[in-house]
>>> print(open('input.tsv').read())   # TSV, C-alpha atoms
chain	number	residue	atom	x	y	z
A	1	MET	CA	-47.27	-13.69	175.60
A	2	THR	CA	-50.70	-14.35	174.19
A	3	ALA	CA	-51.91	-10.95	175.38
A	4	ARG	CA	-48.97	-9.25	173.65
A	5	THR	CA	-49.62	-11.07	170.38
A	6	SER	CA	-53.30	-10.16	170.39
A	7	THR	CA	-52.64	-6.45	171.06
A	8	SER	CA	-49.84	-6.09	168.50
A	9	PRO	CA	-52.14	-5.81	165.47
A	10	LEU	CA	-54.27	-3.31	167.37
A	11	LEU	CA	-51.23	-1.21	168.23
A	12	ALA	CA	-50.01	-1.43	164.65
A	13	ARG	CA	-53.40	-0.25	163.38
A	14	ALA	CA	-53.46	2.55	165.94
A	15	GLY	CA	-50.02	3.64	164.76
A	16	VAL	CA	-51.13	3.81	161.13
A	17	ILE	CA	-54.29	5.67	162.09
A	18	SER	CA	-52.27	8.12	164.19
A	19	PHE	CA	-49.86	8.70	161.31
A	20	LEU	CA	-52.69	9.35	158.88
A	21	ALA	CA	-54.42	11.67	161.34
A	22	LEU	CA	-51.20	13.65	161.86
A	23	ALA	CA	-50.52	13.78	158.14
A	24	THR	CA	-54.04	14.95	157.44
A	25	VAL	CA	-54.04	17.57	160.20
A	26	GLY	CA	-50.56	18.75	159.29
A	27	GLY	CA	-51.40	18.75	155.59
A	28	THR	CA	-48.14	17.02	154.75
A	29	LEU	CA	-49.42	13.79	153.25
A	30	VAL	CA	-47.84	13.61	149.80
A	31	VAL	CA	-49.65	11.69	147.09
A	32	PRO	CA	-48.03	11.67	143.63
A	33	GLY	CA	-49.97	13.91	141.24
A	34	ALA	CA	-52.41	15.11	143.91
A	35	THR	CA	-51.09	18.68	144.01
A	36	GLU	CA	-51.19	19.01	140.23
A	37	ASP	CA	-54.72	17.56	140.08
A	38	ALA	CA	-55.91	19.83	142.90
A	39	ALA	CA	-54.49	22.92	141.17
A	40	ALA	CA	-56.09	21.91	137.85
A	41	ALA	CA	-59.42	21.31	139.60
A	42	SER	CA	-59.27	24.71	141.28
A	43	THR	CA	-58.44	26.47	138.00
A	44	SER	CA	-61.18	24.57	136.15
A	45	ALA	CA	-63.74	25.37	138.86
A	46	SER	CA	-62.84	29.06	138.61
A	47	ALA	CA	-63.09	29.00	134.81
A	48	LEU	CA	-66.49	27.32	135.06
A	49	ARG	CA	-67.77	30.00	137.47
A	50	ILE	CA	-66.46	32.75	135.19
A	51	ALA	CA	-68.16	31.22	132.13
A	52	ALA	CA	-71.43	30.88	134.07
A	53	SER	CA	-71.19	34.54	135.10
A	54	LYS	CA	-71.34	35.45	131.39
A	55	LYS	CA	-74.81	33.93	131.01
A	56	GLY	CA	-76.78	36.02	128.53
A	57	ALA	CA	-73.75	37.64	126.86
A	58	PRO	CA	-74.40	37.83	123.09
A	59	TYR	CA	-72.58	35.64	120.59
A	60	LYS	CA	-70.25	37.48	118.23
A	61	TYR	CA	-67.92	35.65	115.85
A	62	GLY	CA	-64.28	36.25	116.79
A	63	ALA	CA	-65.11	37.90	120.14
A	64	SER	CA	-63.35	36.91	123.34
A	65	GLY	CA	-65.07	39.11	125.90
A	66	PRO	CA	-65.71	40.62	128.21
A	67	TYR	CA	-69.21	41.40	126.84
A	68	ARG	CA	-69.49	39.29	123.66
A	69	PHE	CA	-68.10	35.84	122.86
A	70	ASP	CA	-67.80	33.10	120.32
A	71	CYS	CA	-67.31	29.54	121.61
A	72	SER	CA	-63.52	29.49	121.88
A	73	GLY	CA	-63.52	33.13	122.97
A	74	LEU	CA	-65.60	32.17	126.02
A	75	THR	CA	-63.26	29.32	126.99
A	76	LEU	CA	-60.17	31.48	126.36
A	77	TYR	CA	-61.60	34.34	128.45
A	78	SER	CA	-62.75	32.07	131.30
A	79	PHE	CA	-59.45	30.24	131.65
A	80	LYS	CA	-57.39	33.42	131.25
A	81	ARG	CA	-59.30	34.99	134.15
A	82	ALA	CA	-58.69	31.77	136.12
A	83	GLY	CA	-54.93	32.05	135.45
A	84	LYS	CA	-54.36	29.76	132.45
A	85	ARG	CA	-53.55	30.65	128.86
A	86	LEU	CA	-55.27	28.94	125.97
A	87	PRO	CA	-54.86	29.42	122.21
A	88	ARG	CA	-57.61	31.26	120.32
A	89	THR	CA	-59.41	28.54	118.32
A	90	ALA	CA	-61.30	25.44	119.43
A	91	ALA	CA	-58.96	23.15	117.44
A	92	ALA	CA	-55.84	24.76	118.94
A	93	GLN	CA	-57.37	24.50	122.42
A	94	TYR	CA	-58.00	20.79	121.82
A	95	ASN	CA	-54.33	20.34	120.95
A	96	ARG	CA	-53.28	22.04	124.22
A	97	THR	CA	-55.38	19.92	126.59
A	98	ARG	CA	-54.86	16.54	128.19
A	99	HIS	CA	-57.43	14.32	126.48
A	100	LEU	CA	-59.84	12.37	128.68
A	101	SER	CA	-62.47	9.70	128.42
A	102	ALA	CA	-66.08	10.63	129.13
A	103	SER	CA	-65.90	8.69	132.40
A	104	ALA	CA	-62.90	10.78	133.56
A	105	ARG	CA	-64.44	14.19	132.77
A	106	ARG	CA	-65.05	16.68	135.56
A	107	ALA	CA	-66.85	19.97	135.80
A	108	GLY	CA	-64.54	22.60	134.30
A	109	ASP	CA	-63.07	20.34	131.61
A	110	LEU	CA	-63.44	21.39	128.00
A	111	VAL	CA	-65.89	19.63	125.68
A	112	PHE	CA	-64.91	19.58	122.01
A	113	PHE	CA	-67.44	18.88	119.26
A	114	HIS	CA	-66.09	17.34	116.09
A	115	SER	CA	-67.08	16.18	112.64
A	116	ARG	CA	-65.09	14.51	109.88
A	117	ARG	CA	-63.63	17.92	109.10
A	118	GLY	CA	-62.29	18.42	112.63
A	119	ILE	CA	-63.11	20.31	115.83
A	120	TYR	CA	-65.87	22.87	115.23
A	121	HIS	CA	-67.09	23.90	118.72
A	122	VAL	CA	-65.99	24.01	122.36
A	123	GLY	CA	-67.69	24.54	125.71
A	124	ILE	CA	-66.94	24.10	129.41
A	125	TYR	CA	-68.38	20.99	131.06
A	126	ALA	CA	-70.75	21.92	133.91
A	127	GLY	CA	-71.62	18.38	135.04
A	128	ALA	CA	-74.79	16.33	134.50
A	129	GLY	CA	-74.22	16.23	130.73
A	130	LYS	CA	-74.37	20.03	130.32
A	131	ILE	CA	-71.97	22.72	129.08
A	132	TRP	CA	-71.62	26.47	129.25
A	133	HIS	CA	-71.00	27.78	125.76
A	134	ALA	CA	-71.60	30.50	123.20
A	135	PRO	CA	-73.58	28.54	120.59
A	136	LYS	CA	-73.93	30.56	117.34
A	137	PRO	CA	-74.91	33.92	115.86
A	138	GLY	CA	-78.22	35.19	117.24
A	139	THR	CA	-77.83	33.38	120.58
A	140	VAL	CA	-76.29	34.13	123.97
A	141	VAL	CA	-73.94	32.35	126.38
A	142	ARG	CA	-76.01	29.66	128.06
A	143	LEU	CA	-76.08	26.33	129.85
A	144	GLU	CA	-77.19	23.56	127.53
A	145	ARG	CA	-77.31	19.77	127.38
A	146	ILE	CA	-74.62	18.14	125.22
A	147	TRP	CA	-76.51	17.34	122.00
A	148	SER	CA	-74.03	15.10	120.20
A	149	ARG	CA	-72.06	11.93	120.74
A	150	SER	CA	-69.26	13.29	118.56
A	151	VAL	CA	-67.44	14.94	121.45
A	152	SER	CA	-64.06	14.70	123.09
A	153	TYR	CA	-62.97	15.97	126.50
A	154	GLY	CA	-59.84	17.82	127.49
A	155	ARG	CA	-58.38	19.08	130.76
A	156	VAL	CA	-56.49	22.36	130.75
A	157	ARG	CA	-52.99	21.82	132.16
>>> encode(input="input.tsv", output="structure tokens")
Amino acid sequence: MTARTSTSPLLARAGVISFLALATVGGTLVVPGATEDAAAASTSASALRIAASKKGAPYKYGASGPYRFDCSGLTLYSFKRAGKRLPRTAAAQYNRTRHLSASARRAGDLVFFHSRRGIYHVGIYAGAGKIWHAPKPGTVVRLERIWSRSVSYGRVR
């Protein structure tokens, strides 16, 4: 009886490990919200790659690609190509995202710059404190360090 008691926890652990291995191999493990998060991550990663591919494209106020962009035009274009629709302006895009803390941000999330008057700029977070964006007239789409603390983050749904 002692032998049975000492092997029971081992068998129980082996059963859990076998279940997890089967679930992982079969791809059927269901975690609430995981599918939605994975799809959002995939879309965001695609949008980030698309924005990066526009490096060097000239800034033009009101332009949304494919050869010239303003800030919200770049985010709109990038997410549209990745399969998601966004409104035209930075402020409207802010209103359509799920707002996040800085600690929850991921590459591909939107970074919104704001002042007392509201949202005035948007870019796509690239990681390591940097964004892809179309800064202002006379510049081009580029990767740049976030220069302000007056930012908010949003995830495209």
>>> closest_residue(input="input.tsv", among="A:Gly56, A:Ile119, A:Leu110, A:Ser78", to="Arg98 (chain A)", atoms="only C-alpha atoms")
A:Leu110
>>> closest_atom_pairs(input="input.tsv", of="region 32-128 of chain A", to="region 149-155 of chain A", cutoff="12 Å", atoms="all atoms listed in the file", output="CSV")
residue,atom,partner,partner_atom,distance
A:Glu36,CA,A:Arg155,CA,11.9
A:Asp37,CA,A:Arg155,CA,10.1
A:Ala39,CA,A:Arg155,CA,11.8
A:Ala40,CA,A:Arg155,CA,8.0
A:Ala41,CA,A:Arg155,CA,9.2
A:Ser42,CA,A:Arg155,CA,12.0
A:Thr43,CA,A:Arg155,CA,10.3
A:Ser44,CA,A:Arg155,CA,8.2
A:Ala45,CA,A:Arg155,CA,11.6
A:Ala47,CA,A:Arg155,CA,11.7
A:Thr75,CA,A:Arg155,CA,12.0
A:Phe79,CA,A:Arg155,CA,11.2
A:Lys84,CA,A:Arg155,CA,11.5
A:Leu86,CA,A:Arg155,CA,11.4
A:Ala90,CA,A:Gly154,CA,11.2
A:Ala91,CA,A:Ser152,CA,11.4
A:Ala92,CA,A:Gly154,CA,11.7
A:Gln93,CA,A:Gly154,CA,8.7
A:Tyr94,CA,A:Gly154,CA,6.7
A:Asn95,CA,A:Gly154,CA,8.9
A:Arg96,CA,A:Gly154,CA,8.5
A:Thr97,CA,A:Gly154,CA,5.0
A:Arg98,CA,A:Arg155,CA,5.0
A:His99,CA,A:Gly154,CA,4.4
A:Leu100,CA,A:Tyr153,CA,5.2
A:Ser101,CA,A:Tyr153,CA,6.6
A:Ala102,CA,A:Tyr153,CA,6.7
A:Ser103,CA,A:Tyr153,CA,9.8
A:Ala104,CA,A:Tyr153,CA,8.8
A:Arg105,CA,A:Tyr153,CA,6.7
A:Arg106,CA,A:Arg155,CA,8.6
A:Ala107,CA,A:Arg155,CA,9.9
A:Gly108,CA,A:Arg155,CA,7.9
A:Asp109,CA,A:Arg155,CA,4.9
A:Leu110,CA,A:Gly154,CA,5.1
A:Val111,CA,A:Tyr153,CA,4.8
A:Phe112,CA,A:Ser152,CA,5.1
A:Phe113,CA,A:Val151,CA,4.5
A:His114,CA,A:Ser150,CA,5.7
A:Ser115,CA,A:Ser150,CA,6.9
A:Arg116,CA,A:Ser150,CA,9.7
A:Arg117,CA,A:Ser150,CA,11.9
A:Gly118,CA,A:Ser150,CA,10.5
A:Ile119,CA,A:Val151,CA,8.9
A:Tyr120,CA,A:Val151,CA,10.2
A:His121,CA,A:Val151,CA,9.4
A:Val122,CA,A:Val151,CA,9.2
A:Gly123,CA,A:Tyr153,CA,9.8
A:Ile124,CA,A:Tyr153,CA,9.5
A:Tyr125,CA,A:Tyr153,CA,8.7
>>> atom_distance(input="input.tsv", atom1="CA of Tyr77 (chain A)", atom2="CA of Ala57 (chain A)")
12.7 Å
>>> closest_residue(input="input.tsv", among="A:Arg68, A:Trp147, A:Tyr59, A:Arg157", to="Pro135 (chain A)", atoms="only C-alpha atoms")
A:Tyr59
>>> atom_distance(input="input.tsv", atom1="CA of Pro66 (chain A)", atom2="CA of Ser148 (chain A)")
28.0 Å
>>> atom_distance(input="input.tsv", atom1="CA of Pro137 (chain A)", atom2="CA of Gly83 (chain A)")
28.0 Å
>>> residues_around(input="input.tsv", residues="Ser64 (chain A)", least_positions_apart="6", cutoff="9 Å", atoms="all atoms listed in the file", output="list in words")
Asp70, Cys71, Ser72, Gly73, Leu74, Thr75, Leu76, Tyr77 and Arg88 of chain A
>>> closest_residue(input="input.tsv", among="A:Lys136, A:Arg145, A:Lys130, A:Arg81", to="Tyr61 (chain A)", atoms="only C-alpha atoms")
A:Lys136
